[in-house]
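Raw start-v7.cif, mmCIF, C-alpha atoms:
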data_data
#
loop_
_atom_site.label_atom_id
_atom_site.label_comp_id
_atom_site.auth_asym_id
_atom_site.auth_seq_id
_atom_site.Cartn_x
_atom_site.Cartn_y
_atom_site.Cartn_z
CA MET A 1 77.54 -155.80 131.69
CA SER A 2 74.64 -156.63 129.38
CA GLU A 3 74.58 -159.60 127.05
CA ALA A 4 74.79 -157.33 123.98
CA VAL A 5 77.87 -155.52 125.33
CA ARG A 6 79.58 -158.81 126.13
CA GLU A 7 78.85 -160.14 122.66
CA VAL A 8 80.27 -157.00 121.03
CA ALA A 9 83.46 -157.33 123.08
CA GLU A 10 83.75 -161.03 122.22
CA ALA A 11 83.11 -160.36 118.52
CA ARG A 12 85.87 -157.76 118.45
CA LYS A 13 88.24 -160.19 120.17
CA GLN A 14 87.39 -162.86 117.58
CA GLY A 15 87.99 -160.36 114.79
CA LEU A 16 91.46 -159.53 116.09
CA SER A 17 92.37 -163.20 116.52
CA ILE A 18 91.14 -164.15 113.05
CA GLY A 19 92.84 -161.10 111.59
CA ILE A 20 96.23 -162.15 112.95
CA ALA A 21 95.79 -165.81 112.01
CA SER A 22 94.48 -165.21 108.48
CA GLY A 23 96.72 -162.23 107.84
CA THR A 24 99.88 -164.27 108.19
CA TYR A 25 98.99 -166.06 104.92
CA GLY A 26 99.91 -162.77 103.26
CA ILE A 27 103.60 -163.53 103.75
CA SER A 28 103.23 -166.55 101.50
CA PHE A 29 101.25 -164.58 98.95
CA GLY A 30 103.79 -161.75 98.83
CA ALA A 31 106.70 -164.15 98.30
CA LEU A 32 104.83 -166.21 95.67
CA SER A 33 103.73 -163.10 93.80
CA ILE A 34 107.31 -161.83 93.52
CA ALA A 35 108.46 -165.30 92.44
CA ALA A 36 105.72 -165.31 89.75
CA GLY A 37 107.23 -162.18 88.19
CA LEU A 38 105.05 -159.42 89.67
CA ASP A 39 106.77 -156.42 91.23
CA LEU A 40 106.21 -154.93 94.67
CA TRP A 41 103.57 -152.42 93.58
CA GLN A 42 101.59 -154.98 91.59
CA THR A 43 101.67 -157.36 94.54
CA MET A 44 100.46 -154.71 96.97
CA ALA A 45 97.75 -153.56 94.56
CA LEU A 46 96.34 -157.09 94.48
CA SER A 47 96.11 -157.25 98.27
CA LEU A 48 94.75 -153.73 98.68
CA LEU A 49 92.22 -153.79 95.85
CA LEU A 50 91.37 -157.42 95.12
CA PHE A 51 91.65 -158.49 98.76
CA THR A 52 90.41 -162.04 98.61
CA GLY A 53 93.10 -164.57 99.35
CA GLY A 54 91.85 -167.47 97.27
CA SER A 55 91.54 -165.31 94.16
CA GLN A 56 94.95 -163.76 94.70
CA PHE A 57 96.69 -167.12 95.13
CA ALA A 58 94.94 -168.45 92.02
CA LEU A 59 95.97 -165.44 89.95
CA VAL A 60 99.68 -165.53 90.80
CA GLY A 61 99.74 -169.32 90.75
CA ILE A 62 98.50 -169.50 87.17
CA ILE A 63 100.75 -166.66 86.02
CA GLY A 64 103.73 -168.23 87.79
CA SER A 65 103.12 -171.56 86.06
CA GLY A 66 103.04 -169.93 82.64
CA GLY A 67 99.28 -169.89 82.24
CA ASN A 68 97.33 -167.45 80.10
CA PRO A 69 96.63 -164.14 81.92
CA VAL A 70 93.03 -164.25 80.68
CA THR A 71 92.59 -167.67 82.29
CA ALA A 72 94.21 -166.35 85.47
CA VAL A 73 91.75 -163.45 85.68
CA ALA A 74 88.77 -165.70 84.87
CA THR A 75 89.72 -168.20 87.58
CA SER A 76 90.33 -165.43 90.09
CA THR A 77 86.96 -163.86 89.30
CA LEU A 78 85.14 -167.19 89.61
CA LEU A 79 86.60 -167.76 93.06
CA GLY A 80 85.65 -164.24 94.12
CA ILE A 81 81.98 -164.58 93.19
CA ARG A 82 81.23 -166.04 96.62
CA ASN A 83 81.94 -162.65 98.21
CA GLY A 84 79.09 -161.17 96.21
CA LEU A 85 76.78 -163.85 97.57
CA TYR A 86 77.97 -163.05 101.09
CA GLY A 87 77.15 -159.41 100.42
CA LEU A 88 73.54 -160.22 99.58
CA GLN A 89 73.11 -161.85 102.97
CA LEU A 90 75.06 -159.26 104.96
CA ALA A 91 73.18 -156.34 103.38
CA ARG A 92 70.04 -157.42 105.22
CA ILE A 93 71.95 -157.69 108.49
CA LEU A 94 74.20 -154.63 108.44
CA ARG A 95 71.79 -152.22 106.70
CA LEU A 96 74.55 -149.78 105.74
CA THR A 97 74.38 -146.72 103.49
CA GLY A 98 76.78 -144.28 101.89
CA TRP A 99 80.52 -144.67 102.36
CA ARG A 100 80.01 -147.38 104.99
CA ARG A 101 78.29 -149.55 102.40
CA VAL A 102 81.19 -149.07 99.95
CA THR A 103 83.74 -149.87 102.66
CA ALA A 104 81.79 -152.93 103.76
CA ALA A 105 81.80 -154.25 100.19
CA GLN A 106 85.60 -154.26 100.24
CA LEU A 107 85.71 -156.03 103.62
CA THR A 108 83.16 -158.72 102.75
CA ILE A 109 85.21 -161.93 102.84
CA ASP A 110 84.92 -165.40 104.35
CA GLU A 111 86.24 -164.36 107.77
CA SER A 112 84.18 -161.20 108.28
CA THR A 113 81.03 -163.00 107.15
CA ALA A 114 81.63 -166.00 109.41
CA ILE A 115 82.28 -163.86 112.51
CA SER A 116 79.25 -161.69 111.82
CA LEU A 117 76.83 -164.57 111.30
CA ALA A 118 78.11 -166.34 114.41
CA GLN A 119 76.72 -163.59 116.65
CA SER A 120 73.17 -163.54 118.00
CA THR A 121 72.45 -159.81 118.31
CA PRO A 122 72.44 -157.04 115.66
CA GLU A 123 75.13 -155.16 117.60
CA GLY A 124 77.29 -158.26 117.79
CA ARG A 125 76.89 -159.01 114.09
CA ARG A 126 77.94 -155.50 113.10
CA ALA A 127 80.88 -155.52 115.51
CA GLY A 128 81.98 -158.95 114.30
CA PHE A 129 81.86 -157.91 110.67
CA TRP A 130 83.90 -154.74 111.11
CA ALA A 131 86.40 -156.32 113.50
CA GLY A 132 86.94 -159.37 111.30
CA GLY A 133 87.09 -157.48 108.01
CA THR A 134 89.35 -154.70 109.30
CA GLY A 135 91.60 -157.09 111.20
CA VAL A 136 92.22 -159.34 108.20
CA PHE A 137 92.65 -156.37 105.85
CA VAL A 138 95.31 -154.72 108.00
CA PHE A 139 97.33 -157.84 108.84
CA TRP A 140 96.96 -159.31 105.34
CA ASN A 141 98.40 -156.22 103.68
CA LEU A 142 101.19 -155.82 106.23
CA SER A 143 102.25 -159.42 105.81
CA THR A 144 101.94 -159.19 102.02
CA LEU A 145 104.41 -156.30 102.11
CA LEU A 146 106.73 -158.29 104.34
CA GLY A 147 106.53 -161.34 102.08
CA ALA A 148 107.13 -159.26 98.97
CA LEU A 149 110.16 -157.55 100.50
CA LEU A 150 111.57 -160.88 101.60
CA GLY A 151 110.66 -162.61 98.33
CA ASN A 152 114.00 -162.13 96.63
CA ALA A 153 115.92 -162.90 99.82
CA LEU A 154 113.97 -166.12 100.36
CA GLY A 155 114.78 -167.40 96.88
CA ASP A 156 112.69 -170.28 95.58
CA PRO A 157 109.41 -170.40 97.62
CA ARG A 158 109.32 -174.20 97.21
CA VAL A 159 112.40 -174.52 99.42
CA TRP A 160 110.40 -173.08 102.31
CA GLY A 161 107.18 -174.85 101.48
CA LEU A 162 105.45 -171.59 100.62
CA ASP A 163 104.19 -173.05 97.34
CA ALA A 164 101.88 -175.26 99.41
CA ALA A 165 100.29 -172.28 101.16
CA ALA A 166 97.72 -171.74 98.42
CA ALA A 167 96.61 -175.38 98.49
CA ALA A 168 96.47 -175.31 102.30
CA ALA A 169 94.35 -172.16 102.22
CA PHE A 170 91.87 -173.75 99.80
CA VAL A 171 91.64 -176.91 101.91
CA ALA A 172 90.95 -174.83 105.02
CA LEU A 173 88.31 -172.92 103.08
CA ILE A 174 86.35 -175.95 101.87
CA TRP A 175 86.84 -178.22 104.91
CA PRO A 176 83.83 -176.87 106.89
CA ARG A 177 81.67 -177.46 103.81
CA LEU A 178 82.43 -181.18 103.74
CA GLN A 179 80.21 -182.00 106.70
CA ASP A 180 77.24 -183.07 104.59
CA ARG A 181 76.85 -185.48 101.67
CA THR A 182 76.27 -182.75 99.09
CA GLY A 183 79.51 -181.01 99.97
CA ARG A 184 81.51 -184.23 99.84
CA VAL A 185 80.05 -185.32 96.50
CA THR A 186 80.67 -181.88 94.99
CA ALA A 187 84.28 -181.83 96.19
CA ALA A 188 84.94 -185.36 94.92
CA LEU A 189 83.45 -184.65 91.49
CA ALA A 190 85.32 -181.33 91.20
CA ALA A 191 88.60 -183.04 92.09
CA ALA A 192 87.96 -185.75 89.50
CA ILE A 193 87.24 -183.20 86.76
CA ALA A 194 90.35 -181.18 87.64
CA LEU A 195 92.58 -184.27 87.61
CA VAL A 196 91.24 -185.48 84.26
CA MET A 197 91.70 -182.06 82.66
CA LEU A 198 95.07 -181.28 84.28
CA VAL A 199 97.25 -182.57 81.44
CA PRO A 200 95.27 -181.70 78.28
CA THR A 201 94.36 -178.11 79.26
CA PRO A 202 96.42 -174.99 80.13
CA ALA A 203 97.08 -173.92 83.72
CA GLY A 204 93.97 -172.54 85.42
CA VAL A 205 91.47 -174.13 83.05
CA PRO A 206 90.98 -177.27 85.22
CA VAL A 207 89.81 -175.04 88.07
CA LEU A 208 87.25 -173.35 85.83
CA LEU A 209 85.98 -176.69 84.53
CA ALA A 210 85.80 -178.10 88.06
CA ALA A 211 83.08 -175.56 88.80
CA ILE A 212 80.80 -177.68 86.63
CA ALA A 213 80.64 -180.10 89.58
CA ALA A 214 78.57 -177.64 91.60
CA VAL A 215 76.07 -177.28 88.75
CA VAL A 216 75.77 -181.05 88.25
CA VAL A 217 75.31 -181.81 91.94
CA GLY A 218 72.85 -178.95 92.29
CA LEU A 219 70.69 -180.38 89.50
CA LEU A 220 70.89 -183.96 90.81
CA ASP A 221 70.13 -182.87 94.37
CA ARG A 222 66.62 -181.78 93.40
CA THR A 223 65.19 -185.12 94.46
CA PRO A 224 61.54 -186.10 94.91
CA SER A 225 62.11 -186.21 98.67
CA THR A 226 62.50 -182.43 98.63
CA ALA A 227 59.12 -182.05 96.98
CA ARG A 228 57.54 -184.38 99.52
CA ASP A 229 58.96 -182.31 102.37
CA ILE A 230 57.44 -179.16 100.90
CA GLU A 231 54.01 -180.75 100.44
CA GLN A 232 53.98 -182.45 103.84
CA PRO A 233 51.33 -181.00 106.22
CA GLU A 234 52.63 -178.98 109.15
CA GLY A 235 51.16 -181.41 111.66
CA ASP A 236 53.45 -184.18 110.41
CA LEU A 237 56.67 -182.22 110.89
CA LEU A 238 57.07 -183.07 114.58
#
Rewrite the structure from the file as structure tokens, please.
Amino acid sequence: MSEAVREVAEARKQGLSIGIASGTYGISFGALSIAAGLDLWQTMALSLLLFTGGSQFALVGIIGSGGNPVTAVATSTLLGIRNGLYGLQLARILRLTGWRRVTAAQLTIDESTAISLAQSTPEGRRAGFWAGGTGVFVFWNLSTLLGALLGNALGDPRVWGLDAAAAAAFVALIWPRLQDRTGRVTAALAAAIALVMLVPTPAGVPVLLAAIAAVVVGLLDRTPSTARDIEQPEGDLL
């Protein structure tokens, strides 16, 4: 068995594993969505069409807490922008056209991108993307349906700790990005902004304002040392 064939098989196995693990979050989303006042069809439409967990949790969380629907949509959209950035990178790797390109746009999420970029061959990257994206999509929607159907039977999601699922999902999402100083400073500043604005602003607005942290850190991170590295002769890089 060639290296490329082995990598394709491993990428597909990773996609199935991630699909099952990530998909189970859908149970929490389905239950929280019903508790927030959405019906079964609205809940399923969010998972089928929006299909980005962080944005979905933010949307129903703000609506459930009495926030303005416009703020809920704005926050959800802001969190979903990262998928567009993923798409710019994956377009050069996957090189898809026609209906495959449209389908890939729907499946471009954190998990499918991570599995794809972790592979070393073009075949492995394509297999990882499709396996990860399809796996999460299928299991996420199945578990969303299950959570929505059980929502009324479960009663208050807080009794089961399901209200913490959104926060846990966000922590898991940002944790790998806290390995360097820039990521830690950005997270700390964003948390500080959100805490300060929590009381005086409506639900959802603190999240939008916290995005300012990324802009501030990005501007401050343009230090003279970066310019020196660019101007340094190639012979001095070793």
Hey, what comes out of the PyMOL selection byres ((chain A and resi 34-37) around 10) on this file? Could you write it as a CSV table (one decimal) with C-alpha atoms, in the coordinates of the input?
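This is the output file out_33.csv:
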chain,number,residue,atom,x,y,z
A,29,PHE,CA,101.2,-164.6,99.0
A,30,GLY,CA,103.8,-161.8,98.8
A,31,ALA,CA,106.7,-164.2,98.3
A,32,LEU,CA,104.8,-166.2,95.7
A,33,SER,CA,103.7,-163.1,93.8
A,38,LEU,CA,105.0,-159.4,89.7
A,39,ASP,CA,106.8,-156.4,91.2
A,40,LEU,CA,106.2,-154.9,94.7
A,42,GLN,CA,101.6,-155.0,91.6
A,43,THR,CA,101.7,-157.4,94.5
A,59,LEU,CA,96.0,-165.4,90.0
A,60,VAL,CA,99.7,-165.5,90.8
A,61,GLY,CA,99.7,-169.3,90.8
A,62,ILE,CA,98.5,-169.5,87.2
A,63,ILE,CA,100.8,-166.7,86.0
A,64,GLY,CA,103.7,-168.2,87.8
A,65,SER,CA,103.1,-171.6,86.1
A,66,GLY,CA,103.0,-169.9,82.6
A,147,GLY,CA,106.5,-161.3,102.1
A,148,ALA,CA,107.1,-159.3,99.0
A,149,LEU,CA,110.2,-157.6,100.5
A,150,LEU,CA,111.6,-160.9,101.6
A,151,GLY,CA,110.7,-162.6,98.3
A,152,ASN,CA,114.0,-162.1,96.6
A,154,LEU,CA,114.0,-166.1,100.4
A,155,GLY,CA,114.8,-167.4,96.9
A,156,ASP,CA,112.7,-170.3,95.6
A,157,PRO,CA,109.4,-170.4,97.6
### Message
Restricting the calculation to only C-alpha atoms: of A:Gly84, A:Met197, A:Arg184, A:Trp140, which residue gets closest to A:Ile20?
### Response
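Ranking A:Gly84, A:Met197, A:Arg184, A:Trp140 by distance to A:Ile20, first place goes to A:Trp140.
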### Task
Select, from A:Arg101, A:Arg12, A:Arg92, A:Arg181, the residue with the minimum atom-to-atom distance to A:Gly132, counting only C-alpha atoms.
A:Arg12
### Task
Name the residues that the PyMOL selection byres ((chain A and resi 18) around 9) pulls out of this structure, and write them as a VMD selection string.
chain A and resid 13 to 17 19 to 23 111 to 112 115 132 135 to 136
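From atom CA of A:Pro122 back to atom CA of A:Gly54, the distance works out to 28.7 Å.
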### Query
Expressed in Å to a single decimal, how great is the separation between atom CA of A:Thr134 and atom CA of A:Trp41?
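Straight-line distance from atom CA of A:Thr134 to atom CA of A:Trp41 works out to 21.3 Å.
Note on the selection: in this file the PyMOL selection byres ((chain A and resi 129) around 10) comes out as Ala11, Arg12, Gly15, Leu90, Leu94, Ala104, Leu107, Thr108, Ile109, Glu111, Ser112, Thr113, Ala114, Ile115, Ser116, Leu117, Ala118, Gln119, Gly124, Arg125, Arg126, Ala127, Gly128, Trp130, Ala131, Gly132, Gly133, Thr134 and Gly135 of chain A.
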### Query
Quick one: of A:Leu48, A:Val216, A:Leu178, A:Ala194, who's nearest to A:Val138, counting only C-alpha atoms?
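The shortest atom-to-atom distance to A:Val138 comes from A:Leu48.
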### Task
Using atom CA of A:Thr77 and atom CA of A:Ser28 as the two end points, give the distance in Å to one decimal.
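These two atoms are separated by 20.5 Å.
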### Task
Could you check which of A:Leu49, A:Leu145, A:Leu220, A:Ala192 is closest to A:Ala105, using all atoms listed in the file?
A:Leu49
